[in-house]
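S.K.: Structure file coords_20.txt (compact mmCIF, C-alpha atoms and all ligand atoms) is given on the next line.
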# COMPACT_ATOMS: atom_id res chain seq x y z
CA MET A 5 101.74 96.08 91.24
CA ASN A 6 98.90 95.79 88.75
CA VAL A 7 96.26 93.19 89.56
CA LEU A 8 93.58 91.46 87.47
CA ILE A 9 90.45 90.13 89.16
CA ILE A 10 88.36 87.54 87.30
CA GLY A 11 84.61 87.69 88.01
CA ALA A 12 81.62 90.01 88.15
CA GLY A 13 80.06 89.75 91.59
CA GLY A 14 80.05 91.48 94.94
CA ARG A 15 82.83 89.11 95.95
CA GLU A 16 85.11 90.45 93.23
CA TYR A 17 84.06 94.05 93.99
CA SER A 18 85.04 93.55 97.64
CA ILE A 19 88.45 92.11 96.72
CA GLY A 20 88.95 95.09 94.40
CA LEU A 21 87.91 97.49 97.16
CA ALA A 22 90.46 95.95 99.54
CA LEU A 23 93.15 96.33 96.87
CA THR A 24 92.35 100.04 96.35
CA LYS A 25 93.39 100.53 100.00
CA ASP A 26 96.66 98.73 99.45
CA GLU A 27 99.74 100.90 98.80
CA ASN A 28 101.41 98.11 96.82
CA VAL A 29 98.67 98.17 94.20
CA GLU A 30 98.72 100.59 91.28
CA LYS A 31 96.04 99.55 88.86
CA ILE A 32 93.19 97.04 89.10
CA TYR A 33 91.52 95.37 86.14
CA PHE A 34 88.33 93.32 86.22
CA ALA A 35 87.27 90.70 83.67
CA PRO A 36 84.43 91.18 83.11
CA GLY A 37 83.61 93.16 86.29
CA ASN A 38 80.20 94.80 86.78
CA GLY A 39 78.57 98.22 86.44
CA ALA A 40 80.34 99.53 89.55
CA THR A 41 83.79 97.90 89.44
CA ASP A 42 84.75 100.55 86.86
CA THR A 43 84.93 103.00 89.78
CA LEU A 44 87.72 100.86 91.31
CA GLY A 45 89.59 100.03 88.13
CA GLU A 46 89.08 99.11 84.50
CA ASN A 47 86.64 96.52 83.18
CA LEU A 48 87.85 94.25 80.40
CA LYS A 49 85.61 92.55 77.86
CA ILE A 50 87.95 89.57 77.42
CA SER A 51 86.85 86.09 78.43
CA ASP A 52 89.12 83.71 76.52
CA PHE A 53 91.85 82.49 78.91
CA SER A 54 94.71 82.81 76.38
CA ALA A 55 93.57 86.30 75.39
CA LEU A 56 93.49 87.24 79.09
CA ALA A 57 97.03 85.90 79.51
CA ASP A 58 98.10 88.01 76.50
CA PHE A 59 96.59 91.09 78.15
CA VAL A 60 98.31 90.29 81.46
CA GLU A 61 101.69 90.04 79.71
CA ALA A 62 101.18 93.19 77.68
CA ASN A 63 100.08 95.28 80.68
CA GLY A 64 102.61 94.21 83.31
CA ILE A 65 99.99 92.59 85.55
CA GLU A 66 101.86 90.76 88.31
CA LEU A 67 98.96 89.02 89.99
CA THR A 68 95.63 87.57 88.83
CA ILE A 69 92.98 86.62 91.39
CA VAL A 70 90.14 84.33 90.31
CA GLY A 71 86.78 84.87 92.08
CA PRO A 72 84.26 82.30 90.78
CA GLU A 73 84.53 78.52 90.47
CA ALA A 74 83.59 78.16 86.79
CA PRO A 75 86.86 79.50 85.29
CA LEU A 76 88.85 77.49 87.86
CA VAL A 77 87.12 74.25 86.94
CA SER A 78 87.66 75.17 83.26
CA GLY A 79 91.41 75.52 83.81
CA ILE A 80 92.24 79.24 83.77
CA VAL A 81 95.01 78.63 86.33
CA ASP A 82 96.57 75.93 84.14
CA VAL A 83 96.66 78.27 81.13
CA PHE A 84 98.26 81.09 83.14
CA LYS A 85 100.80 78.82 84.85
CA GLU A 86 101.92 77.36 81.54
CA ARG A 87 102.68 80.92 80.50
CA GLY A 88 104.66 81.55 83.71
CA LEU A 89 102.10 84.04 85.08
CA THR A 90 101.27 84.44 88.78
CA ILE A 91 97.66 83.53 89.48
CA PHE A 92 95.80 82.88 92.73
CA GLY A 93 93.53 79.84 92.52
CA PRO A 94 93.64 76.04 92.12
CA THR A 95 94.39 74.15 88.90
CA ALA A 96 91.50 72.40 87.14
CA GLN A 97 92.57 69.13 88.74
CA ALA A 98 92.60 70.60 92.26
CA ALA A 99 89.33 72.46 91.58
CA GLN A 100 87.58 69.06 91.41
CA LEU A 101 87.23 69.46 95.17
CA GLU A 102 84.31 71.70 94.22
CA GLY A 103 83.66 70.58 90.63
CA SER A 104 82.82 67.00 91.58
CA LYS A 105 81.09 66.08 94.82
CA ILE A 106 82.07 62.45 94.21
CA PHE A 107 85.74 63.39 93.90
CA MET A 108 85.45 65.47 97.08
CA LYS A 109 83.66 62.78 99.12
CA ASN A 110 86.07 60.05 98.01
CA PHE A 111 89.03 62.32 98.75
CA LEU A 112 87.71 63.01 102.26
CA ALA A 113 87.24 59.27 102.83
CA ARG A 114 90.77 58.47 101.56
CA HIS A 115 92.28 60.98 103.97
CA ASN A 116 90.03 60.33 106.97
CA VAL A 117 88.53 63.80 107.02
CA PRO A 118 85.22 63.63 108.94
CA THR A 119 82.19 63.86 106.63
CA ALA A 120 78.62 62.55 106.45
CA LYS A 121 78.19 58.82 105.72
CA TYR A 122 77.49 58.45 101.98
CA ILE A 123 77.54 56.45 98.80
CA GLU A 124 78.35 57.69 95.34
CA THR A 125 76.60 55.91 92.53
CA ASP A 126 75.11 56.06 89.05
CA SER A 127 72.83 53.10 89.77
CA LEU A 128 69.26 53.77 90.83
CA GLN A 129 69.05 50.42 92.60
CA ASP A 130 72.16 51.13 94.70
CA ALA A 131 70.77 54.57 95.55
CA TYR A 132 67.44 53.02 96.61
CA ASP A 133 69.15 50.37 98.73
CA PHE A 134 71.31 52.95 100.54
CA ILE A 135 68.38 55.32 101.03
CA MET A 136 66.52 52.55 102.88
CA THR A 137 69.43 52.19 105.35
CA LEU A 138 69.22 55.88 106.38
CA ASP A 139 66.94 57.74 108.76
CA THR A 140 65.12 60.79 107.36
CA PRO A 141 65.79 63.49 106.34
CA ILE A 142 68.10 62.21 103.58
CA VAL A 143 70.41 64.32 101.43
CA VAL A 144 70.72 63.68 97.67
CA LYS A 145 73.34 65.63 95.70
CA ALA A 146 74.12 65.89 92.00
CA ASP A 147 77.81 65.26 91.31
CA GLY A 148 78.63 68.29 89.14
CA LEU A 149 78.27 72.06 89.38
CA CYS A 150 74.61 73.13 89.54
CA ALA A 151 74.99 76.77 90.61
CA GLY A 152 74.19 75.86 94.20
CA LYS A 153 70.92 74.07 93.36
CA GLY A 154 72.06 70.44 93.17
CA VAL A 155 71.27 69.47 96.77
CA ILE A 156 67.91 68.02 97.81
CA ILE A 157 67.06 67.49 101.47
CA ALA A 158 64.34 64.87 101.29
CA GLN A 159 61.93 64.54 104.21
CA SER A 160 60.89 60.96 103.38
CA HIS A 161 62.41 57.86 101.82
CA ASP A 162 60.04 58.22 98.86
CA GLU A 163 61.05 61.83 98.27
CA ALA A 164 64.73 60.81 98.38
CA LYS A 165 64.12 58.04 95.84
CA LYS A 166 62.25 60.43 93.59
CA ALA A 167 65.10 62.99 93.75
CA ALA A 168 67.67 60.29 93.00
CA GLY A 169 65.58 59.07 90.06
CA GLU A 170 65.16 62.55 88.58
CA MET A 171 68.86 63.31 88.88
CA LEU A 172 70.07 59.97 87.49
CA SER A 173 67.72 60.17 84.49
CA GLY A 174 69.31 63.54 83.62
CA ASN A 175 65.93 65.31 83.96
CA ALA A 176 66.84 67.39 87.00
CA PHE A 177 70.35 68.72 86.31
CA GLY A 178 71.38 67.21 82.97
CA ALA A 179 74.84 65.67 82.86
CA ALA A 180 75.79 67.21 86.25
CA GLY A 181 73.33 64.80 87.91
CA THR A 182 73.95 61.51 86.15
CA SER A 183 76.12 60.48 89.10
CA ILE A 184 74.96 61.29 92.60
CA VAL A 185 75.93 61.26 96.23
CA VAL A 186 73.37 60.11 98.79
CA GLU A 187 74.25 60.94 102.37
CA GLU A 188 73.01 61.11 105.92
CA PHE A 189 71.57 64.39 107.17
CA LEU A 190 73.72 66.22 109.71
CA ASP A 191 71.91 68.14 112.40
CA GLY A 192 73.89 71.03 113.83
CA TYR A 193 74.90 74.58 113.01
CA GLU A 194 76.66 75.58 109.83
CA LEU A 195 79.87 77.60 109.45
CA SER A 196 81.83 78.91 106.47
CA VAL A 197 85.55 78.58 107.13
CA PHE A 198 88.08 79.88 104.62
CA ALA A 199 91.72 78.82 104.44
CA ILE A 200 94.01 80.69 102.07
CA CYS A 201 96.43 78.02 100.85
CA ASP A 202 99.73 78.11 98.97
CA GLY A 203 100.02 74.36 98.31
CA LYS A 204 101.66 73.58 101.68
CA ASP A 205 100.93 76.35 104.17
CA TYR A 206 97.70 78.13 104.98
CA VAL A 207 96.10 81.06 106.78
CA VAL A 208 92.64 80.59 108.30
CA LEU A 209 90.34 83.62 108.07
CA PRO A 210 87.81 84.51 110.79
CA ALA A 211 84.93 82.00 110.55
CA ALA A 212 81.74 83.34 108.99
CA GLN A 213 78.10 82.40 109.00
CA ASP A 214 76.00 82.72 105.85
CA HIS A 215 72.20 83.06 105.67
CA LYS A 216 71.14 80.91 102.73
CA ARG A 217 67.36 81.22 102.97
CA LEU A 218 65.51 84.12 101.37
CA LEU A 219 63.41 85.15 104.37
CA ASN A 220 63.84 86.03 108.02
CA ASN A 221 64.15 83.17 110.53
CA ASP A 222 65.75 81.04 107.79
CA GLU A 223 62.47 80.51 105.98
CA GLY A 224 61.70 80.47 102.26
CA PRO A 225 63.78 79.05 99.40
CA ASN A 226 67.54 78.62 99.31
CA THR A 227 69.53 81.41 97.69
CA GLY A 228 73.20 82.09 97.01
CA GLY A 229 73.23 83.82 100.41
CA MET A 230 71.23 86.78 101.76
CA GLY A 231 73.82 88.04 104.22
CA ALA A 232 76.68 86.94 106.43
CA TYR A 233 78.77 88.02 109.36
CA ALA A 234 82.21 87.31 110.77
CA PRO A 235 83.78 86.35 113.05
CA THR A 236 81.08 84.16 114.51
CA PRO A 237 81.13 83.49 118.26
CA LEU A 238 79.90 79.96 117.47
CA VAL A 239 83.52 78.94 116.86
CA ASN A 240 86.01 78.51 119.65
CA ASP A 241 89.72 77.62 119.74
CA GLU A 242 88.88 73.96 120.12
CA ILE A 243 86.88 73.92 116.88
CA TYR A 244 89.63 75.85 115.05
CA ARG A 245 92.18 73.33 116.33
CA LYS A 246 90.09 70.38 115.16
CA LEU A 247 89.60 72.04 111.78
CA ASN A 248 93.33 72.59 111.37
CA GLU A 249 94.38 69.13 112.50
CA ARG A 250 91.59 66.97 111.12
CA VAL A 251 90.55 68.88 108.03
CA ILE A 252 92.88 71.47 106.55
CA GLU A 253 96.24 69.78 107.17
CA PRO A 254 95.21 66.32 105.91
CA THR A 255 93.56 67.97 102.90
CA LEU A 256 96.68 69.95 101.92
CA LYS A 257 98.95 66.94 102.52
CA GLY A 258 96.56 64.66 100.63
CA MET A 259 96.28 66.98 97.64
CA GLU A 260 100.06 67.30 97.49
CA ALA A 261 100.58 63.54 97.82
CA GLU A 262 98.08 62.96 95.00
CA GLY A 263 100.03 65.30 92.73
CA MET A 264 97.67 68.29 92.78
CA PRO A 265 98.85 70.67 95.51
CA PHE A 266 96.05 73.05 96.45
CA THR A 267 96.60 76.78 95.98
CA GLY A 268 93.75 79.22 96.46
CA VAL A 269 90.79 79.55 98.79
CA LEU A 270 89.69 76.33 100.46
CA PHE A 271 86.10 77.14 101.47
CA ILE A 272 85.07 74.59 104.04
CA GLY A 273 81.35 74.13 104.55
CA VAL A 274 81.21 72.82 108.10
CA MET A 275 78.38 71.43 110.17
CA VAL A 276 79.19 71.44 113.86
CA VAL A 277 77.42 68.45 115.37
CA LYS A 278 77.74 68.12 119.16
CA GLY A 279 80.96 70.17 119.12
CA GLU A 280 82.55 68.16 116.29
CA PRO A 281 83.21 69.85 112.94
CA ILE A 282 82.02 67.62 110.09
CA ILE A 283 82.61 68.58 106.47
CA LEU A 284 79.57 69.17 104.27
CA GLU A 285 81.48 70.29 101.23
CA TYR A 286 84.47 72.07 99.84
CA ASN A 287 84.42 74.99 97.48
CA VAL A 288 87.57 76.30 95.88
CA ARG A 289 86.80 80.01 96.02
CA PHE A 290 85.48 82.62 98.43
CA GLY A 291 81.84 82.48 99.45
CA ASP A 292 79.63 85.29 98.29
CA PRO A 293 78.52 87.20 100.44
CA GLU A 294 81.10 85.98 103.00
CA CYS A 295 84.00 87.57 101.10
CA GLU A 296 82.35 90.99 101.41
CA GLU A 297 82.63 90.75 105.23
CA LEU A 298 86.07 89.15 105.36
CA MET A 299 87.87 91.65 103.16
CA PRO A 300 87.19 94.62 105.50
CA LEU A 301 88.51 92.57 108.45
CA LEU A 302 91.87 92.06 106.75
CA LYS A 303 94.47 94.35 108.32
CA SER A 304 97.46 93.20 106.26
CA PRO A 305 97.63 94.36 102.64
CA ALA A 306 95.37 92.15 100.52
CA SER A 307 98.01 91.94 97.80
CA GLU A 308 100.45 90.39 100.27
CA LEU A 309 98.04 87.62 101.23
CA PHE A 310 97.11 86.74 97.65
CA TYR A 311 100.57 87.19 96.11
CA LYS A 312 102.36 85.15 98.78
CA ALA A 313 99.74 82.41 98.50
CA ALA A 314 100.01 82.37 94.70
CA THR A 315 103.82 82.11 94.86
CA GLY A 316 104.04 79.43 97.58
CA ASP A 317 105.43 81.86 100.14
CA LEU A 318 102.77 82.05 102.88
CA LYS A 319 105.20 80.88 105.54
CA ASN A 320 106.94 84.24 105.13
CA ALA A 321 103.73 86.24 105.45
CA LYS A 322 102.44 87.67 108.68
CA ILE A 323 98.73 88.09 108.02
CA GLU A 324 96.78 90.12 110.57
CA PHE A 325 93.09 90.86 111.04
CA HIS A 326 91.33 93.77 112.69
CA ASP A 327 89.89 92.96 116.08
CA LYS A 328 86.42 93.86 114.76
CA TYR A 329 83.21 92.38 113.38
CA ALA A 330 81.58 92.78 109.99
CA VAL A 331 77.96 92.21 109.01
CA GLY A 332 76.80 92.19 105.38
CA VAL A 333 73.17 92.51 104.29
CA VAL A 334 72.31 91.52 100.72
CA MET A 335 69.79 93.70 98.89
CA ALA A 336 68.16 91.67 96.13
CA SER A 337 65.78 92.31 93.25
CA LYS A 338 62.03 91.85 93.59
CA ASP A 339 61.80 88.42 91.95
CA TYR A 340 65.01 86.90 93.30
CA PRO A 341 65.63 83.92 93.41
CA TYR A 342 62.76 82.90 91.09
CA LYS A 343 63.30 84.95 87.93
CA SER A 344 64.98 88.09 86.70
CA THR A 345 63.46 91.49 87.42
CA PRO A 346 63.36 94.46 84.99
CA PRO A 347 66.21 96.95 85.59
CA ALA A 348 65.62 99.48 88.38
CA GLU A 349 67.64 102.63 89.01
CA ILE A 350 69.67 102.55 92.23
CA ILE A 351 69.73 105.70 94.31
CA VAL A 352 72.02 106.01 97.31
CA ASP A 353 71.31 109.00 99.56
CA ASP A 354 74.11 111.33 100.53
CA ILE A 355 75.38 109.85 103.77
CA TYR A 356 75.49 112.45 106.56
CA HIS A 357 76.11 110.19 109.55
CA GLU A 358 79.87 110.17 110.18
CA GLU A 359 79.43 106.80 111.82
CA VAL A 360 77.98 105.24 108.66
CA LYS A 361 80.35 107.08 106.33
CA GLU A 362 83.36 105.73 108.15
CA ASN A 363 82.17 102.27 109.12
CA ALA A 364 79.87 101.07 106.37
CA HIS A 365 80.10 100.65 102.62
CA ILE A 366 78.43 99.01 99.65
CA SER A 367 79.84 96.09 97.67
CA TYR A 368 78.09 96.13 94.31
CA ALA A 369 77.13 92.88 92.57
CA GLY A 370 74.24 92.61 90.06
CA VAL A 371 74.47 96.14 88.69
CA THR A 372 74.88 97.70 85.25
CA ARG A 373 75.93 101.24 84.37
CA GLY A 374 73.34 102.72 81.97
CA GLU A 375 74.15 104.90 78.96
CA ASP A 376 72.92 107.78 81.15
CA GLY A 377 75.76 107.04 83.63
CA LYS A 378 73.31 105.90 86.30
CA LEU A 379 73.57 102.59 88.11
CA TYR A 380 70.79 100.03 87.59
CA ALA A 381 69.90 96.88 89.52
CA THR A 382 70.05 94.17 86.87
CA GLY A 383 70.98 91.01 88.78
CA GLY A 384 69.36 88.88 91.46
CA ARG A 385 71.60 89.87 94.32
CA VAL A 386 72.17 93.53 93.60
CA LEU A 387 74.52 94.74 96.32
CA VAL A 388 75.68 94.11 99.87
CA CYS A 389 75.62 96.75 102.62
CA VAL A 390 78.52 96.00 104.94
CA GLY A 391 78.90 97.45 108.44
CA VAL A 392 82.01 97.13 110.58
CA GLY A 393 82.10 97.61 114.36
CA ASP A 394 83.55 96.61 117.70
CA SER A 395 80.67 94.21 118.28
CA ILE A 396 78.33 92.26 116.02
CA LYS A 397 75.49 94.44 117.23
CA GLU A 398 77.32 97.63 116.27
CA ALA A 399 78.33 96.24 112.88
CA GLN A 400 74.76 95.10 112.27
CA ARG A 401 73.31 98.49 113.19
CA ARG A 402 75.68 100.25 110.80
CA ALA A 403 74.92 97.83 107.97
CA TYR A 404 71.17 98.42 108.40
CA MET A 405 71.63 102.21 108.65
CA LEU A 406 73.24 102.02 105.22
CA VAL A 407 70.47 99.73 103.91
CA GLY A 408 68.04 102.52 104.81
CA GLN A 409 69.89 104.93 102.48
CA VAL A 410 69.77 102.64 99.42
CA HIS A 411 66.74 102.63 97.12
CA PHE A 412 65.62 100.73 94.05
CA ALA A 413 62.17 99.56 93.00
CA GLY A 414 61.31 96.13 94.37
CA LYS A 415 64.33 95.89 96.69
CA GLN A 416 64.19 93.10 99.26
CA CYS A 417 66.45 92.12 102.11
CA ARG A 418 66.36 90.15 105.32
CA THR A 419 66.11 92.22 108.48
CA ASP A 420 67.68 89.65 110.79
CA ILE A 421 71.21 89.07 109.48
CA ALA A 422 73.52 87.88 112.29
CA TYR A 423 70.59 86.95 114.53
CA GLN A 424 72.24 83.65 115.55
CA ALA A 425 75.04 85.63 117.19
CA LEU A 426 72.90 88.10 119.13
P1 LIG B 501 76.26 71.87 99.61
O1 LIG B 501 76.11 72.43 98.22
O2 LIG B 501 76.79 70.48 99.68
O3 LIG B 501 76.89 72.83 100.58
O4 LIG B 501 74.79 71.85 100.18
C1 LIG B 501 74.01 73.01 100.26
C2 LIG B 501 73.38 73.12 101.62
O5 LIG B 501 72.62 71.95 101.90
C3 LIG B 501 74.41 73.20 102.72
O6 LIG B 501 74.86 74.49 102.91
C4 LIG B 501 73.62 72.67 103.90
O7 LIG B 501 72.80 73.69 104.44
C5 LIG B 501 72.74 71.64 103.28
N1 LIG B 501 73.35 70.29 103.41
C6 LIG B 501 74.18 69.68 102.52
N2 LIG B 501 74.55 68.47 102.96
C7 LIG B 501 73.95 68.28 104.15
C8 LIG B 501 73.94 67.22 105.11
N3 LIG B 501 74.60 66.08 104.92
N4 LIG B 501 73.22 67.40 106.24
C9 LIG B 501 72.53 68.55 106.44
N5 LIG B 501 72.48 69.58 105.58
C10 LIG B 501 73.18 69.45 104.44
N1 LIG B 502 77.56 81.98 100.20
C1 LIG B 502 77.80 80.63 99.85
C2 LIG B 502 78.52 80.43 98.59
O1 LIG B 502 79.11 81.34 98.04
O2 LIG B 502 78.55 79.31 98.10
Write the structure described by the file as structure tokens, please.
Ligand code: AMP
Ligand code: GLY

M.R.:
Amino acid sequence: MNVLIIGAGGREYSIGLALTKDENVEKIYFAPGNGATDTLGENLKISDFSALADFVEANGIELTIVGPEAPLVSGIVDVFKERGLTIFGPTAQAAQLEGSKIFMKNFLARHNVPTAKYIETDSLQDAYDFIMTLDTPIVVKADGLCAGKGVIIAQSHDEAKKAAGEMLSGNAFGAAGTSIVVEEFLDGYELSVFAICDGKDYVVLPAAQDHKRLLNNDEGPNTGGMGAYAPTPLVNDEIYRKLNERVIEPTLKGMEAEGMPFTGVLFIGVMVVKGEPIILEYNVRFGDPECEELMPLLKSPASELFYKAATGDLKNAKIEFHDKYAVGVVMASKDYPYKSTPPAEIIVDDIYHEEVKENAHISYAGVTRGEDGKLYATGGRVLVCVGVGDSIKEAQRRAYMLVGQVHFAGKQCRTDIAYQAL
């Protein structure tokens, strides 16, 4: 089959890479793709949803996979479904699980899914009153999409009030912040759990752990993620069972009962507090960089997983994973995450180590192909070096051996990815 992937990041590159290894897949298109996805398929310069649907019809594309949240929240799935096209992702209504934190929190409360104690409000007085009932730290979140920046962890009551005030006045995040969620701080360890859902049934992928801070030892500012690994040994069967029974199943049943069955990736941000999984948030797409580690662990053809999910047929799929570990190290530009950096040429050495050649690869993200045919680092997170192995340690070593072969001016990366597991 021919497949279209919507998006431009390392996440979409890694899905494309998995599909190139899949015998069922003939041609892959990316819209818009990045400077390296053109080595896996063809980049399209179409962004309008109807125009994309026209292209899909004209080119016999049987499956479209949506990477990022923005087109989902804007209704790309609705446009494709109206045209009778097969697309993997939630409708705009179902994508509110990520698009609105208030929708998500109220949904969790309606369906008794464990989450932090909270209020949602657009009243500063109500926010103040609730803040005074909580112990510090206190978490204040803008309702809408803020590219991962809409969460403030306030260390004092005054700081929490200030954050609430700035959001509600529209000064901090514009319209996305004019309603807020204030919630208790959960102290535990964080997991990224992904369930591929077809509306009724689901497949849970190996649990991952992301590293959101810029610097080693989880110091420095928050980023989109500086590296991840999977599966994490911090999850056991008991936690998976609780996640299935208390979180994923009530969520799928609840979404169906409310008339918006959920198809796509349910990305569950979990805090494990004293052995109990508590939900921090939902996203409706793969994490980036988590996707870059999960795709290489998939043993079944990627097209089968996504096509069966998109067509409501997961119960007839037997999805298998390799009994291995993957570690991904993000290489970012000099000024990430503060500002953009001038383009820098990327040079990857010829790889002589068989071990690295066979067990490590790059997923390209913020890159552009120059007129000279060379690849340039042009985004914040430039690429991810992914190592696969029989242990986390082996996967980590391979990922870092590859990091050592990749060069661009100003490159930065953490040197401790997967440390929690070692
Ligand atoms: P979110 O966008 O809701 O995932 O929040 C971003 C990050 O803030 C999460 O990945 C957590 O590290 C942190 N966070 C969010 N909510 C809480 C909470 N209630 N308690 C502790 N940390 C939180
Ligand atoms: N890596 C976390 C995210 O994609 O939101």

S.K.: Go ahead and compute the interatomic distance for atom CA of A:Lys165 and atom O1 of ligand LIG 501 (chain B), in Å to one decimal.

M.R.: 18.9 Å

S.K.: Which is closer to ligand LIG 502 (chain B) than all the others in A:Pro341, A:Gly316, A:Gly154, A:Gly229, using all atoms listed in the file?

M.R.: A:Gly229

S.K.: Please identify the residues whose atoms come within 6 Å of ligand LIG 502 (chain B), using all atoms listed in the file, and report them as a list in words.

M.R.: Asp214, Gly228, Gly229, Gly291, Asp292 and Pro293 of chain A

S.K.: Please determine an axis-aligned box that encloses all atoms of ligand LIG 501 (chain B) listed in the file, with 8 Å added on each side, and express its centre and edge lengths in Å to one decimal as lines of an AutoDock Vina configuration file.

M.R.:
center_x = 74.7
center_y = 70.3
center_z = 102.3
size_x = 20.4
size_y = 24.4
size_z = 24.2

S.K.: Can you build me a table of stretch 5-87 of chain A residues sitting at most 12 Å from stretch 372-376 of chain A, with the closest atom pair per residue and its distance in Å to one decimal, using all atoms listed in the file, sorted by chain and residue number, as JSON lines?

M.R.:
{"residue": "A:Ala12", "atom": "CA", "partner": "A:Thr372", "partner_atom": "CA", "distance": 10.6}
{"residue": "A:Gly13", "atom": "CA", "partner": "A:Thr372", "partner_atom": "CA", "distance": 11.4}
{"residue": "A:Pro36", "atom": "CA", "partner": "A:Thr372", "partner_atom": "CA", "distance": 11.8}
{"residue": "A:Gly37", "atom": "CA", "partner": "A:Thr372", "partner_atom": "CA", "distance": 9.9}
{"residue": "A:Asn38", "atom": "CA", "partner": "A:Thr372", "partner_atom": "CA", "distance": 6.2}
{"residue": "A:Gly39", "atom": "CA", "partner": "A:Thr372", "partner_atom": "CA", "distance": 3.9}
{"residue": "A:Ala40", "atom": "CA", "partner": "A:Arg373", "partner_atom": "CA", "distance": 7.0}
{"residue": "A:Thr41", "atom": "CA", "partner": "A:Thr372", "partner_atom": "CA", "distance": 9.8}
{"residue": "A:Asp42", "atom": "CA", "partner": "A:Arg373", "partner_atom": "CA", "distance": 9.2}
{"residue": "A:Thr43", "atom": "CA", "partner": "A:Arg373", "partner_atom": "CA", "distance": 10.6}
{"residue": "A:Asn47", "atom": "CA", "partner": "A:Arg373", "partner_atom": "CA", "distance": 11.8}

S.K.: Using all atoms listed in the file, find the one residue out of A:Gly377, A:Gly169, A:Gly263, A:Gly192 that sits nearest to ligand LIG 501 (chain B).

M.R.: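 Selected residue with least distance to ligand LIG 501 (chain B): A:Gly192.
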
S.K.: Check which residues fall inside 7 Å of ligand LIG 501 (chain B) when counting all atoms listed in the file, and print them as a list in words.

M.R.: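 Protein and nucleic-acid residues within 7 Å of ligand LIG 501 (chain B): Ala120, Val143, Gly152, Gly154, Val155, Glu187, Glu188, Phe189, Leu190, Asp191, Glu194, Gly273, Leu284 and Glu285 of chain A.
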
S.K.: Please output stretch 182-192 of chain A, rebuilt to include N, CA, C and O atoms, as a PDB file, keeping the file's coordinate frame.

M.R.:
ATOM      1  N   THR A 182      74.045  62.913  86.542  1.00  0.00           N
ATOM      2  CA  THR A 182      73.950  61.510  86.150  1.00  0.00           C
ATOM      3  C   THR A 182      74.795  60.604  87.058  1.00  0.00           C
ATOM      4  O   THR A 182      74.737  59.394  86.950  1.00  0.00           O
ATOM      5  N   SER A 183      75.593  61.205  87.947  1.00  0.00           N
ATOM      6  CA  SER A 183      76.120  60.480  89.100  1.00  0.00           C
ATOM      7  C   SER A 183      75.704  61.281  90.320  1.00  0.00           C
ATOM      8  O   SER A 183      75.633  62.512  90.249  1.00  0.00           O
ATOM      9  N   ILE A 184      75.449  60.577  91.410  1.00  0.00           N
ATOM     10  CA  ILE A 184      74.960  61.290  92.600  1.00  0.00           C
ATOM     11  C   ILE A 184      75.678  60.819  93.864  1.00  0.00           C
ATOM     12  O   ILE A 184      76.330  59.778  93.877  1.00  0.00           O
ATOM     13  N   VAL A 185      75.523  61.647  94.884  1.00  0.00           N
ATOM     14  CA  VAL A 185      75.930  61.260  96.230  1.00  0.00           C
ATOM     15  C   VAL A 185      74.650  61.231  97.062  1.00  0.00           C
ATOM     16  O   VAL A 185      73.848  62.154  96.994  1.00  0.00           O
ATOM     17  N   VAL A 186      74.470  60.158  97.823  1.00  0.00           N
ATOM     18  CA  VAL A 186      73.370  60.110  98.790  1.00  0.00           C
ATOM     19  C   VAL A 186      74.032  60.084 100.163  1.00  0.00           C
ATOM     20  O   VAL A 186      74.988  59.318 100.368  1.00  0.00           O
ATOM     21  N   GLU A 187      73.587  60.936 101.063  1.00  0.00           N
ATOM     22  CA  GLU A 187      74.250  60.940 102.370  1.00  0.00           C
ATOM     23  C   GLU A 187      73.307  61.208 103.523  1.00  0.00           C
ATOM     24  O   GLU A 187      72.182  61.678 103.344  1.00  0.00           O
ATOM     25  N   GLU A 188      73.807  60.896 104.711  1.00  0.00           N
ATOM     26  CA  GLU A 188      73.010  61.110 105.920  1.00  0.00           C
ATOM     27  C   GLU A 188      72.894  62.610 106.179  1.00  0.00           C
ATOM     28  O   GLU A 188      73.773  63.391 105.819  1.00  0.00           O
ATOM     29  N   PHE A 189      71.820  62.996 106.818  1.00  0.00           N
ATOM     30  CA  PHE A 189      71.570  64.390 107.170  1.00  0.00           C
ATOM     31  C   PHE A 189      72.303  64.693 108.478  1.00  0.00           C
ATOM     32  O   PHE A 189      72.258  63.914 109.422  1.00  0.00           O
ATOM     33  N   LEU A 190      73.010  65.817 108.498  1.00  0.00           N
ATOM     34  CA  LEU A 190      73.720  66.220 109.710  1.00  0.00           C
ATOM     35  C   LEU A 190      72.941  67.335 110.384  1.00  0.00           C
ATOM     36  O   LEU A 190      72.583  68.321 109.742  1.00  0.00           O
ATOM     37  N   ASP A 191      72.711  67.168 111.671  1.00  0.00           N
ATOM     38  CA  ASP A 191      71.910  68.140 112.400  1.00  0.00           C
ATOM     39  C   ASP A 191      72.823  68.937 113.315  1.00  0.00           C
ATOM     40  O   ASP A 191      73.373  68.395 114.258  1.00  0.00           O
ATOM     41  N   GLY A 192      73.015  70.212 113.003  1.00  0.00           N
ATOM     42  CA  GLY A 192      73.890  71.030 113.830  1.00  0.00           C
ATOM     43  C   GLY A 192      73.827  72.465 113.354  1.00  0.00           C
ATOM     44  O   GLY A 192      72.834  72.871 112.766  1.00  0.00           O
TER      45      GLY A 192
END
